[in-house]
file model.tsv (TSV, C-alpha atoms (C1' of nucleotides))
chain	number	residue	atom	x	y	z
X	1	MET	CA	0.00	0.00	0.00
X	2	VAL	CA	1.79	3.07	-1.27
X	3	ALA	CA	0.31	6.56	-1.08
X	4	ASP	CA	0.36	8.14	-4.49
X	5	VAL	CA	0.91	11.79	-5.30
X	6	SER	CA	-2.76	12.81	-5.22
X	7	ASP	CA	-3.22	11.19	-1.79
X	8	VAL	CA	-0.35	13.23	-0.43
X	9	ALA	CA	-1.74	16.38	-2.02
X	10	GLU	CA	-5.16	15.74	-0.51
X	11	LEU	CA	-3.68	15.05	2.89
X	12	SER	CA	-1.77	18.31	2.95
X	13	LEU	CA	-4.86	20.13	1.76
X	14	VAL	CA	-6.90	18.80	4.67
X	15	GLU	CA	-4.08	19.45	7.09
X	16	GLU	CA	-3.87	23.02	5.89
X	17	TRP	CA	-7.62	23.44	6.38
X	18	HIS	CA	-7.45	22.06	9.91
X	19	LEU	CA	-4.54	24.35	10.64
X	20	LEU	CA	-6.55	27.29	9.34
X	21	LEU	CA	-9.54	26.26	11.46
X	22	ALA	CA	-7.39	25.89	14.57
X	23	ARG	CA	-5.58	29.18	14.06
X	24	HIS	CA	-8.82	31.03	13.40
X	25	ALA	CA	-10.52	29.54	16.45
X	26	ALA	CA	-7.56	30.30	18.73
X	27	VAL	CA	-7.11	33.92	17.68
X	28	PHE	CA	-10.84	34.62	17.39
X	29	ASN	CA	-11.65	33.25	20.84
X	30	ALA	CA	-8.74	35.06	22.46
X	31	LEU	CA	-9.78	38.32	20.78
X	32	GLU	CA	-13.42	37.83	21.70
X	33	CYS	CA	-12.56	37.32	25.38
X	34	ALA	CA	-10.03	40.15	25.65
X	35	LEU	CA	-12.07	42.73	23.71
X	36	GLN	CA	-15.24	41.81	25.59
X	37	ASP	CA	-13.64	41.84	29.04
X	38	GLU	CA	-11.55	44.95	28.59
X	39	HIS	CA	-13.70	47.07	26.26
X	40	GLY	CA	-17.18	45.54	25.95
X	41	LEU	CA	-16.65	44.88	22.25
X	42	GLY	CA	-17.15	41.77	20.12
X	43	VAL	CA	-14.71	40.90	17.36
X	44	SER	CA	-17.21	41.97	14.67
X	45	GLU	CA	-17.83	45.27	16.43
X	46	PHE	CA	-14.09	45.94	16.52
X	47	GLU	CA	-13.63	45.00	12.87
X	48	ALA	CA	-16.46	47.37	11.96
X	49	LEU	CA	-14.88	50.19	13.98
X	50	GLU	CA	-11.53	49.50	12.31
X	51	ALA	CA	-13.09	49.56	8.85
X	52	LEU	CA	-14.79	52.86	9.61
X	53	ALA	CA	-11.59	54.33	11.05
X	54	GLY	CA	-9.78	53.38	7.88
X	55	CYS	CA	-12.49	54.92	5.66
X	56	ASP	CA	-12.56	58.50	6.85
X	57	HIS	CA	-14.98	57.53	9.63
X	58	GLN	CA	-17.83	57.00	7.23
X	59	CYS	CA	-18.89	54.37	4.75
X	60	ARG	CA	-21.86	52.65	3.19
X	61	ALA	CA	-23.48	49.77	5.03
X	62	ALA	CA	-22.73	47.51	2.08
X	63	ASP	CA	-19.00	48.21	2.41
X	64	LEU	CA	-19.14	47.18	6.06
X	65	THR	CA	-20.68	43.87	5.05
X	66	ASP	CA	-17.49	42.96	3.19
X	67	ALA	CA	-15.26	44.14	6.01
X	68	VAL	CA	-16.87	42.04	8.74
X	69	HIS	CA	-17.45	38.85	6.70
X	70	LEU	CA	-21.07	38.70	7.81
X	71	SER	CA	-24.33	38.41	5.92
X	72	GLN	CA	-26.18	41.55	4.92
X	73	SER	CA	-28.80	41.01	7.61
X	74	ALA	CA	-26.24	40.35	10.34
X	75	THR	CA	-24.40	43.53	9.36
X	76	SER	CA	-27.63	45.50	9.52
X	77	ARG	CA	-28.23	44.29	13.07
X	78	LEU	CA	-24.57	44.85	13.97
X	79	VAL	CA	-24.90	48.49	12.94
X	80	ALA	CA	-28.17	48.72	14.89
X	81	ARG	CA	-26.46	47.39	18.03
X	82	MET	CA	-23.52	49.74	17.62
X	83	GLU	CA	-25.89	52.66	17.08
X	84	ARG	CA	-27.74	51.73	20.27
X	85	GLU	CA	-24.40	51.82	22.08
X	86	GLY	CA	-23.59	55.22	20.59
X	87	LEU	CA	-20.57	53.98	18.63
X	88	VAL	CA	-21.91	54.86	15.19
X	89	GLU	CA	-24.73	56.81	13.60
X	90	ARG	CA	-26.83	56.01	10.56
X	91	ALA	CA	-27.31	58.87	8.16
X	92	MET	CA	-29.48	59.14	5.09
X	93	CYS	CA	-27.43	58.97	1.92
X	94	ASP	CA	-28.34	61.89	-0.31
X	95	VAL	CA	-27.18	60.55	-3.66
X	96	ASP	CA	-29.00	57.22	-3.18
X	97	ARG	CA	-31.82	57.44	-0.70
X	98	ARG	CA	-32.03	53.66	-0.34
X	99	GLY	CA	-28.50	53.65	1.03
X	100	VAL	CA	-27.24	54.36	4.53
X	101	PHE	CA	-24.06	56.08	5.56
X	102	VAL	CA	-22.65	54.64	8.75
X	103	THR	CA	-20.51	57.21	10.52
X	104	LEU	CA	-18.19	56.82	13.49
X	105	THR	CA	-19.20	58.92	16.48
X	106	GLU	CA	-16.70	60.58	18.76
X	107	ALA	CA	-17.41	57.85	21.32
X	108	GLY	CA	-16.89	55.16	18.69
X	109	TRP	CA	-13.59	56.66	17.61
X	110	THR	CA	-12.42	56.86	21.22
X	111	ARG	CA	-13.51	53.30	21.94
X	112	PHE	CA	-11.62	52.09	18.89
X	113	ARG	CA	-8.42	53.90	19.84
X	114	THR	CA	-8.69	52.54	23.38
X	115	ALA	CA	-9.33	48.96	22.28
X	116	LYS	CA	-6.69	48.91	19.53
X	117	PRO	CA	-3.72	48.12	21.81
X	118	THR	CA	-5.60	45.16	23.29
X	119	HIS	CA	-6.38	43.93	19.78
X	120	ARG	CA	-2.75	44.21	18.65
X	121	ARG	CA	-1.46	42.59	21.83
X	122	VAL	CA	-3.71	39.55	21.40
X	123	LEU	CA	-2.65	39.25	17.77
X	124	ARG	CA	1.01	39.34	18.80
X	125	GLU	CA	0.38	36.70	21.46
X	126	THR	CA	-1.78	34.28	19.49
X	127	LEU	CA	-1.09	34.75	15.79
X	128	ARG	CA	1.37	32.24	14.31
O	1	MET	CA	6.57	61.12	9.00
O	2	VAL	CA	8.48	57.88	8.70
O	3	ALA	CA	7.01	54.54	9.73
O	4	ASP	CA	9.35	52.83	12.16
O	5	VAL	CA	10.00	49.12	12.47
O	6	SER	CA	7.28	48.39	15.04
O	7	ASP	CA	4.66	50.16	12.89
O	8	VAL	CA	5.56	47.93	9.98
O	9	ALA	CA	5.47	44.85	12.17
O	10	GLU	CA	2.03	45.79	13.52
O	11	LEU	CA	0.72	46.45	10.05
O	12	SER	CA	1.77	43.07	8.75
O	13	LEU	CA	0.30	41.44	11.85
O	14	VAL	CA	-3.08	43.03	11.19
O	15	GLU	CA	-2.86	42.23	7.50
O	16	GLU	CA	-2.15	38.62	8.30
O	17	TRP	CA	-5.15	38.52	10.63
O	18	HIS	CA	-7.43	39.98	7.98
O	19	LEU	CA	-6.08	37.48	5.49
O	20	LEU	CA	-6.80	34.67	7.93
O	21	LEU	CA	-10.33	36.01	8.50
O	22	ALA	CA	-11.00	36.30	4.77
O	23	ARG	CA	-9.62	32.87	3.95
O	24	HIS	CA	-11.56	31.27	6.77
O	25	ALA	CA	-14.80	32.97	5.77
O	26	ALA	CA	-14.39	32.07	2.10
O	27	VAL	CA	-13.61	28.39	2.64
O	28	PHE	CA	-16.08	27.98	5.49
O	29	ASN	CA	-18.99	29.50	3.59
O	30	ALA	CA	-18.23	27.53	0.45
O	31	LEU	CA	-18.01	24.31	2.47
O	32	GLU	CA	-21.19	25.10	4.37
O	33	CYS	CA	-23.16	25.66	1.16
O	34	ALA	CA	-21.80	22.66	-0.74
O	35	LEU	CA	-22.05	20.19	2.15
O	36	GLN	CA	-25.54	21.41	3.05
O	37	ASP	CA	-26.86	21.36	-0.51
O	38	GLU	CA	-25.31	18.09	-1.59
O	39	HIS	CA	-25.34	16.07	1.65
O	40	GLY	CA	-27.45	17.85	4.28
O	41	LEU	CA	-24.40	18.35	6.49
O	42	GLY	CA	-23.00	21.41	8.25
O	43	VAL	CA	-19.27	22.01	8.46
O	44	SER	CA	-19.20	21.06	12.15
O	45	GLU	CA	-21.13	17.87	11.46
O	46	PHE	CA	-18.63	16.92	8.78
O	47	GLU	CA	-15.65	17.69	10.98
O	48	ALA	CA	-17.17	15.53	13.70
O	49	LEU	CA	-17.71	12.67	11.27
O	50	GLU	CA	-14.13	13.03	10.06
O	51	ALA	CA	-12.78	13.00	13.61
O	52	LEU	CA	-14.78	9.85	14.38
O	53	ALA	CA	-13.66	8.19	11.14
O	54	GLY	CA	-10.07	8.89	12.09
O	55	CYS	CA	-10.52	7.49	15.61
O	56	ASP	CA	-11.69	3.96	14.95
O	57	HIS	CA	-15.29	5.23	14.66
O	58	GLN	CA	-15.56	5.88	18.37
O	59	CYS	CA	-14.35	8.51	20.78
O	60	ARG	CA	-15.19	10.41	23.91
O	61	ALA	CA	-17.41	13.47	23.64
O	62	ALA	CA	-14.62	15.56	25.13
O	63	ASP	CA	-12.29	14.59	22.30
O	64	LEU	CA	-14.87	15.74	19.77
O	65	THR	CA	-15.00	19.14	21.46
O	66	ASP	CA	-11.37	19.72	20.50
O	67	ALA	CA	-11.88	18.46	16.97
O	68	VAL	CA	-14.77	20.77	16.11
O	69	HIS	CA	-13.47	23.93	17.84
O	70	LEU	CA	-16.80	24.41	19.60
O	71	SER	CA	-17.72	24.89	23.25
O	72	GLN	CA	-18.57	21.87	25.35
O	73	SER	CA	-22.27	22.72	25.29
O	74	ALA	CA	-22.36	23.25	21.54
O	75	THR	CA	-20.62	19.92	21.03
O	76	SER	CA	-23.16	18.21	23.26
O	77	ARG	CA	-25.98	19.58	21.12
O	78	LEU	CA	-24.11	18.75	17.93
O	79	VAL	CA	-23.89	15.11	19.02
O	80	ALA	CA	-27.58	15.19	19.96
O	81	ARG	CA	-28.50	16.48	16.49
O	82	MET	CA	-26.33	13.90	14.78
O	83	GLU	CA	-27.82	11.15	16.92
O	84	ARG	CA	-31.32	12.32	15.95
O	85	GLU	CA	-30.26	12.03	12.30
O	86	GLY	CA	-28.90	8.53	12.89
O	87	LEU	CA	-25.30	9.48	12.11
O	88	VAL	CA	-23.88	8.59	15.52
O	89	GLU	CA	-24.90	6.83	18.71
O	90	ARG	CA	-24.17	7.70	22.30
O	91	ALA	CA	-23.04	4.82	24.46
O	92	MET	CA	-22.41	4.63	28.16
O	93	CYS	CA	-18.71	4.50	28.95
O	94	ASP	CA	-18.02	1.58	31.29
O	95	VAL	CA	-14.75	2.69	32.83
O	96	ASP	CA	-16.07	6.18	33.62
O	97	ARG	CA	-19.84	6.31	33.81
O	98	ARG	CA	-19.88	10.11	33.59
O	99	GLY	CA	-18.39	9.88	30.12
O	100	VAL	CA	-20.06	9.21	26.80
O	101	PHE	CA	-18.70	7.24	23.90
O	102	VAL	CA	-19.82	8.66	20.59
O	103	THR	CA	-19.79	5.99	17.92
O	104	LEU	CA	-20.22	6.31	14.18
O	105	THR	CA	-23.20	4.37	12.83
O	106	GLU	CA	-23.18	2.59	9.51
O	107	ALA	CA	-25.27	5.46	8.11
O	108	GLY	CA	-22.83	8.02	9.51
O	109	TRP	CA	-19.86	6.22	8.00
O	110	THR	CA	-21.61	6.05	4.63
O	111	ARG	CA	-22.61	9.70	4.76
O	112	PHE	CA	-19.04	10.67	5.56
O	113	ARG	CA	-17.60	8.65	2.69
O	114	THR	CA	-20.18	10.13	0.34
O	115	ALA	CA	-19.58	13.73	1.43
O	116	LYS	CA	-15.78	13.49	1.51
O	117	PRO	CA	-15.25	14.11	-2.23
O	118	THR	CA	-17.39	17.26	-2.03
O	119	HIS	CA	-15.37	18.44	0.96
O	120	ARG	CA	-12.04	17.84	-0.80
O	121	ARG	CA	-13.25	19.45	-4.00
O	122	VAL	CA	-14.30	22.64	-2.22
O	123	LEU	CA	-10.95	22.74	-0.42
O	124	ARG	CA	-9.12	22.40	-3.72
O	125	GLU	CA	-11.24	25.15	-5.23
O	126	THR	CA	-11.18	27.68	-2.40
O	127	LEU	CA	-8.11	27.06	-0.26
O	128	ARG	CA	-5.15	29.32	-1.08
G	1	DG	C1'	-18.43	5.02	54.74
G	2	DT	C1'	-19.09	9.93	54.46
G	3	DA	C1'	-18.00	14.35	53.08
G	4	DC	C1'	-16.09	17.29	49.67
G	5	DG	C1'	-13.95	18.92	45.56
G	6	DC	C1'	-13.51	17.85	40.69
G	7	DT	C1'	-14.84	16.26	36.12
G	8	DA	C1'	-18.16	14.84	32.12
G	9	DC	C1'	-21.94	15.87	29.98
G	10	DA	C1'	-26.81	18.05	29.63
G	11	DT	C1'	-29.81	22.04	29.64
G	12	DG	C1'	-32.13	26.89	30.44
G	13	DC	C1'	-31.40	31.16	28.65
G	14	DA	C1'	-30.19	35.16	26.05
G	15	DC	C1'	-28.38	36.45	21.86
G	16	DA	C1'	-26.18	36.51	17.12
G	17	DC	C1'	-26.55	34.31	12.79
G	18	DG	C1'	-28.35	33.23	7.87
G	19	DC	C1'	-32.32	32.77	4.89
G	20	DA	C1'	-36.33	34.43	3.08
G	21	DT	C1'	-38.99	38.26	2.54
G	22	DC	C1'	-40.55	43.06	2.81
G	23	DT	C1'	-40.30	48.06	1.74
G	24	DA	C1'	-38.59	51.87	-0.57
G	25	DA	C1'	-35.75	53.96	-3.96
G	26	DT	C1'	-33.34	53.65	-8.42
G	27	DG	C1'	-32.64	53.10	-13.37
G	28	DA	C1'	-34.00	51.58	-17.92
G	29	DC	C1'	-37.20	51.47	-21.35
G	30	DA	C1'	-41.49	52.15	-23.85
Q	1	DT	C1'	-44.86	59.55	-17.46
Q	2	DG	C1'	-45.92	54.77	-16.15
Q	3	DT	C1'	-44.20	50.04	-15.76
Q	4	DC	C1'	-41.01	46.86	-14.19
Q	5	DA	C1'	-36.66	44.60	-12.95
Q	6	DT	C1'	-33.00	45.58	-9.71
Q	7	DT	C1'	-30.75	47.10	-5.53
Q	8	DA	C1'	-30.11	48.80	-0.44
Q	9	DG	C1'	-31.22	47.92	3.75
Q	10	DA	C1'	-34.67	46.21	7.59
Q	11	DT	C1'	-37.07	42.48	9.78
Q	12	DG	C1'	-39.67	37.82	11.02
Q	13	DC	C1'	-38.32	33.36	11.87
Q	14	DG	C1'	-35.93	29.21	12.91
Q	15	DT	C1'	-31.64	27.58	14.50
Q	16	DG	C1'	-26.91	27.29	16.50
Q	17	DT	C1'	-23.86	29.35	19.98
Q	18	DG	C1'	-21.60	30.44	24.54
Q	19	DC	C1'	-22.26	31.15	29.44
Q	20	DA	C1'	-23.95	29.75	33.59
Q	21	DT	C1'	-25.72	26.15	35.95
Q	22	DG	C1'	-27.59	21.49	36.96
Q	23	DT	C1'	-26.91	16.48	37.58
Q	24	DA	C1'	-24.40	12.43	38.17
Q	25	DG	C1'	-20.23	9.89	38.81
Q	26	DC	C1'	-15.35	9.88	40.31
Q	27	DG	C1'	-11.32	10.28	43.66
Q	28	DT	C1'	-9.28	11.60	47.93
Q	29	DA	C1'	-9.14	12.40	52.81
Q	30	DC	C1'	-10.56	11.50	57.09

call {"tool": "encode", "arguments": {"input": "model.tsv", "output": "structure tokens"}}
result
Amino acid sequence: MVADVSDVAELSLVEEWHLLLARHAAVFNALECALQDEHGLGVSEFEALEALAGCDHQCRAADLTDAVHLSQSATSRLVARMEREGLVERAMCDVDRRGVFVTLTEAGWTRFRTAKPTHRRVLRETLR
Amino acid sequence: MVADVSDVAELSLVEEWHLLLARHAAVFNALECALQDEHGLGVSEFEALEALAGCDHQCRAADLTDAVHLSQSATSRLVARMEREGLVERAMCDVDRRGVFVTLTEAGWTRFRTAKPTHRRVLRETLR
DNA sequence: GTACGCTACATGCACACGCATCTAATGACA
DNA sequence: TGTCATTAGATGCGTGTGCATGTAGCGTAC
């Protein structure tokens, strides 16, 4: 019984997937705990804040959907939660009145800057 | 304004994290859709089946928890769902009567073998 | 043997998710 | 201008998740 080339290729493919799963789970859980405990933020909330901070503090809801890797509906509720917490505001978009501009509030910007060191620390500790 | 070494290091750390997030989301979603559509399985269900198949078709519930990267409670419910679908059985563990042996049924083994090519195909198509 | 701490798994609960669907606005075309 | 397909985002619904806790069995100490 000799493993041929395609068996080896498949094995490494599965191993790489399991490695990816394990790495993701480890970093994600560590981030979730640290951000929640120290700043009352979930990972998705932080990613949304980071996306907004990197986009002039304002972007379309649809752009956030890509940034947080969530469904459209989940993103909509995420924005609703963050608005309830005063981290962002939803503004009517003039050029396309179906659209929504999500804008970072002063409180949201502050929370992001405060949480950022925690985020980076956990990445340093758990990534790779 | 010159970026120093630690700024560069932090940037690449964050980029690597975002890459990990994106890769995970892409592969996970593709797997979820394909396995659900073609075999009525979720990713976690498949991972559990794979872990059991690689463990002589029988292992402790606690071992499954590690394999699926889920909490203990989620794993317990996962096993309950899979038992309801006839994919696994829960058996009393003689040496430690608190424990539970999860065993692959014939149907579970068949479902795993059937779904495996789909799983590998999606990995080939979406990983890297 | 009895008491006590620990471990394995199950379960109540609150909450976040995706899917399907709804509403409102847009753009194209007759 | 009126119709209609398309798109942006919100929401009802069912389900899966983690946390906290419950229950039962184990192991040690006395």

call {"tool": "closest_atom_pairs", "arguments": {"input": "model.tsv", "of": "chain Q", "to": "chain O", "cutoff": "10 Å", "atoms": "all atoms listed in the file", "output": "CSV"}}
result
residue,atom,partner,partner_atom,distance
Q:DG16,C1',O:Ala74,CA,7.9
Q:DT17,C1',O:Ala74,CA,6.5
Q:DG18,C1',O:Ser71,CA,6.9
Q:DC19,C1',O:Ser73,CA,9.4
Q:DA24,C1',O:Arg98,CA,6.8
Q:DG25,C1',O:Arg98,CA,5.2
Q:DC26,C1',O:Asp96,CA,7.7

call {"tool": "residues_around", "arguments": {"input": "model.tsv", "residues": "stretch 56-61 of chain O", "least_positions_apart": "6", "cutoff": "8 Å", "atoms": "all atoms listed in the file", "output": "PyMOL selection string"}}
result
chain O and resi 75-76+99-104

call {"tool": "atom_distance", "arguments": {"input": "model.tsv", "atom1": "atom CA of X:Leu31", "atom2": "atom CA of X:Glu50"}}
result
14.1 Å

call {"tool": "residues_around", "arguments": {"input": "model.tsv", "residues": "G:DA20", "least_positions_apart": "3", "cutoff": "12 Å", "atoms": "all atoms listed in the file", "output": "list of chain:residue names"}}
result
X:Ser73, Q:DT11, Q:DG12, Q:DC13, Q:DG14

call {"tool": "write_last_selection", "arguments": {"input": "model.tsv", "atoms": "C-alpha atoms (C1' of nucleotides)", "output": "mmCIF file, keeping the file's coordinate frame"}}
result
data_model
loop_
_atom_site.group_PDB
_atom_site.id
_atom_site.type_symbol
_atom_site.label_atom_id
_atom_site.label_comp_id
_atom_site.auth_asym_id
_atom_site.auth_seq_id
_atom_site.Cartn_x
_atom_site.Cartn_y
_atom_site.Cartn_z
ATOM 1 C CA SER X 73 -28.800 41.010 7.610
ATOM 2 C "C1'" DT Q 11 -37.070 42.480 9.780
ATOM 3 C "C1'" DG Q 12 -39.670 37.820 11.020
ATOM 4 C "C1'" DC Q 13 -38.320 33.360 11.870
ATOM 5 C "C1'" DG Q 14 -35.930 29.210 12.910
#

call {"tool": "calpha_fit_and_write", "arguments": {"input": "model.tsv", "fixed": "chain O", "moving": "chain X", "output": "short mmCIF file (atom, residue, chain, number, x, y, z; two decimals) with C-alpha atoms, in the coordinates of the input"}}
result
data_model
loop_
_atom_site.label_atom_id
_atom_site.label_comp_id
_atom_site.auth_asym_id
_atom_site.auth_seq_id
_atom_site.Cartn_x
_atom_site.Cartn_y
_atom_site.Cartn_z
CA MET X 1 6.52 61.07 8.99
CA VAL X 2 8.44 57.84 8.72
CA ALA X 3 6.99 54.48 9.75
CA ASP X 4 9.31 52.79 12.17
CA VAL X 5 9.99 49.09 12.48
CA SER X 6 7.27 48.36 15.05
CA ASP X 7 4.65 50.12 12.89
CA VAL X 8 5.55 47.91 9.97
CA ALA X 9 5.45 44.82 12.18
CA GLU X 10 2.03 45.78 13.51
CA LEU X 11 0.72 46.46 10.04
CA SER X 12 1.77 43.06 8.75
CA LEU X 13 0.30 41.45 11.84
CA VAL X 14 -3.09 43.03 11.18
CA GLU X 15 -2.87 42.24 7.50
CA GLU X 16 -2.15 38.63 8.31
CA TRP X 17 -5.17 38.51 10.63
CA HIS X 18 -7.43 39.99 7.97
CA LEU X 19 -6.08 37.50 5.47
CA LEU X 20 -6.80 34.69 7.91
CA LEU X 21 -10.32 36.02 8.49
CA ALA X 22 -10.98 36.32 4.76
CA ARG X 23 -9.60 32.88 3.95
CA HIS X 24 -11.56 31.27 6.76
CA ALA X 25 -14.80 32.98 5.76
CA ALA X 26 -14.38 32.07 2.08
CA VAL X 27 -13.61 28.39 2.63
CA PHE X 28 -16.08 27.98 5.49
CA ASN X 29 -18.98 29.51 3.58
CA ALA X 30 -18.22 27.53 0.44
CA LEU X 31 -18.02 24.31 2.47
CA GLU X 32 -21.19 25.12 4.37
CA CYS X 33 -23.14 25.67 1.15
CA ALA X 34 -21.78 22.66 -0.74
CA LEU X 35 -22.04 20.19 2.16
CA GLN X 36 -25.53 21.41 3.04
CA ASP X 37 -26.84 21.37 -0.53
CA GLU X 38 -25.29 18.09 -1.59
CA HIS X 39 -25.32 16.07 1.65
CA GLY X 40 -27.43 17.86 4.28
CA LEU X 41 -24.39 18.36 6.50
CA GLY X 42 -23.00 21.43 8.25
CA VAL X 43 -19.27 22.02 8.45
CA SER X 44 -19.21 21.06 12.15
CA GLU X 45 -21.14 17.88 11.46
CA PHE X 46 -18.63 16.92 8.77
CA GLU X 47 -15.65 17.71 11.00
CA ALA X 48 -17.18 15.54 13.72
CA LEU X 49 -17.72 12.67 11.26
CA GLU X 50 -14.13 13.04 10.05
CA ALA X 51 -12.78 12.99 13.60
CA LEU X 52 -14.77 9.86 14.38
CA ALA X 53 -13.65 8.19 11.15
CA GLY X 54 -10.07 8.90 12.08
CA CYS X 55 -10.52 7.50 15.61
CA ASP X 56 -11.69 3.98 14.94
CA HIS X 57 -15.28 5.22 14.65
CA GLN X 58 -15.55 5.90 18.34
CA CYS X 59 -14.34 8.52 20.76
CA ARG X 60 -15.19 10.42 23.90
CA ALA X 61 -17.41 13.47 23.65
CA ALA X 62 -14.62 15.57 25.13
CA ASP X 63 -12.28 14.59 22.29
CA LEU X 64 -14.88 15.75 19.77
CA THR X 65 -14.99 19.13 21.47
CA ASP X 66 -11.37 19.73 20.50
CA ALA X 67 -11.88 18.47 16.97
CA VAL X 68 -14.78 20.78 16.11
CA HIS X 69 -13.50 23.94 17.85
CA LEU X 70 -16.82 24.40 19.62
CA SER X 71 -17.75 24.89 23.25
CA GLN X 72 -18.59 21.87 25.37
CA SER X 73 -22.29 22.70 25.30
CA ALA X 74 -22.37 23.24 21.54
CA THR X 75 -20.63 19.90 21.04
CA SER X 76 -23.17 18.19 23.27
CA ARG X 77 -26.00 19.56 21.15
CA LEU X 78 -24.11 18.74 17.95
CA VAL X 79 -23.90 15.11 19.03
CA ALA X 80 -27.59 15.20 19.97
CA ARG X 81 -28.50 16.49 16.49
CA MET X 82 -26.33 13.90 14.78
CA GLU X 83 -27.84 11.16 16.94
CA ARG X 84 -31.32 12.33 15.96
CA GLU X 85 -30.26 12.04 12.32
CA GLY X 86 -28.90 8.54 12.91
CA LEU X 87 -25.30 9.48 12.12
CA VAL X 88 -23.88 8.60 15.53
CA GLU X 89 -24.89 6.83 18.71
CA ARG X 90 -24.15 7.69 22.32
CA ALA X 91 -23.02 4.80 24.45
CA MET X 92 -22.39 4.60 28.16
CA CYS X 93 -18.70 4.51 28.94
CA ASP X 94 -17.99 1.60 31.26
CA VAL X 95 -14.70 2.74 32.76
CA ASP X 96 -16.06 6.22 33.60
CA ARG X 97 -19.82 6.30 33.85
CA ARG X 98 -19.92 10.09 33.62
CA GLY X 99 -18.41 9.87 30.16
CA VAL X 100 -20.05 9.17 26.81
CA PHE X 101 -18.68 7.25 23.90
CA VAL X 102 -19.83 8.67 20.60
CA THR X 103 -19.77 6.00 17.92
CA LEU X 104 -20.21 6.30 14.17
CA THR X 105 -23.20 4.38 12.84
CA GLU X 106 -23.18 2.61 9.51
CA ALA X 107 -25.28 5.47 8.12
CA GLY X 108 -22.84 8.02 9.52
CA TRP X 109 -19.88 6.24 8.00
CA THR X 110 -21.62 6.06 4.63
CA ARG X 111 -22.62 9.71 4.77
CA PHE X 112 -19.04 10.68 5.55
CA ARG X 113 -17.60 8.65 2.68
CA THR X 114 -20.19 10.14 0.32
CA ALA X 115 -19.59 13.72 1.44
CA LYS X 116 -15.78 13.48 1.51
CA PRO X 117 -15.24 14.11 -2.22
CA THR X 118 -17.38 17.25 -2.04
CA HIS X 119 -15.35 18.43 0.95
CA ARG X 120 -12.02 17.83 -0.80
CA ARG X 121 -13.24 19.44 -4.02
CA VAL X 122 -14.28 22.63 -2.22
CA LEU X 123 -10.95 22.74 -0.42
CA ARG X 124 -9.11 22.39 -3.73
CA GLU X 125 -11.23 25.16 -5.25
CA THR X 126 -11.17 27.68 -2.41
CA LEU X 127 -8.10 27.04 -0.27
CA ARG X 128 -5.13 29.30 -1.04
#

call {"tool": "interface_residues", "arguments": {"input": "model.tsv", "of": "chain X", "to": "chain O", "cutoff": "12 Å", "atoms": "all atoms listed in the file", "output": "count of residues only"}}
result
47

call {"tool": "atom_distance", "arguments": {"input": "model.tsv", "atom1": "atom C1' of G:DA24", "atom2": "atom CA of X:Cys93"}}
result
13.5 Å

call {"tool": "interface_residues", "arguments": {"input": "model.tsv", "of": "chain G", "to": "chain O", "cutoff": "8 Å", "atoms": "all atoms listed in the file", "output": "ChimeraX atom specification"}}
result
/G:8-10

call {"tool": "atom_distance", "arguments": {"input": "model.tsv", "atom1": "atom CA of X:Leu35", "atom2": "atom C1' of Q:DA10"}}
result
28.0 Å

call {"tool": "residues_around", "arguments": {"input": "model.tsv", "residues": "Q:DC4", "least_positions_apart": "5", "cutoff": "12 Å", "atoms": "all atoms listed in the file", "output": "ChimeraX atom specification"}}
result
/G:26-30

call {"tool": "decode", "arguments": {"input": "model.tsv", "residues": "stretch 4-21 of chain Q", "atoms": "C-alpha atoms (C1' of nucleotides)", "output": "mmCIF file, in the first residue's frame"}}
result
data_model
loop_
_atom_site.group_PDB
_atom_site.id
_atom_site.type_symbol
_atom_site.label_atom_id
_atom_site.label_comp_id
_atom_site.auth_asym_id
_atom_site.auth_seq_id
_atom_site.Cartn_x
_atom_site.Cartn_y
_atom_site.Cartn_z
ATOM 1 C "C1'" DC Q 4 -41.006 46.860 -14.194
ATOM 2 C "C1'" DA Q 5 -36.665 44.596 -12.949
ATOM 3 C "C1'" DT Q 6 -33.000 45.583 -9.710
ATOM 4 C "C1'" DT Q 7 -30.750 47.101 -5.526
ATOM 5 C "C1'" DA Q 8 -30.107 48.799 -0.438
ATOM 6 C "C1'" DG Q 9 -31.222 47.916 3.748
ATOM 7 C "C1'" DA Q 10 -34.670 46.207 7.587
ATOM 8 C "C1'" DT Q 11 -37.074 42.478 9.781
ATOM 9 C "C1'" DG Q 12 -39.670 37.821 11.024
ATOM 10 C "C1'" DC Q 13 -38.321 33.358 11.875
ATOM 11 C "C1'" DG Q 14 -35.929 29.207 12.915
ATOM 12 C "C1'" DT Q 15 -31.636 27.578 14.498
ATOM 13 C "C1'" DG Q 16 -26.913 27.292 16.497
ATOM 14 C "C1'" DT Q 17 -23.860 29.351 19.984
ATOM 15 C "C1'" DG Q 18 -21.600 30.439 24.541
ATOM 16 C "C1'" DC Q 19 -22.262 31.149 29.442
ATOM 17 C "C1'" DA Q 20 -23.948 29.746 33.594
ATOM 18 C "C1'" DT Q 21 -25.725 26.149 35.949
#
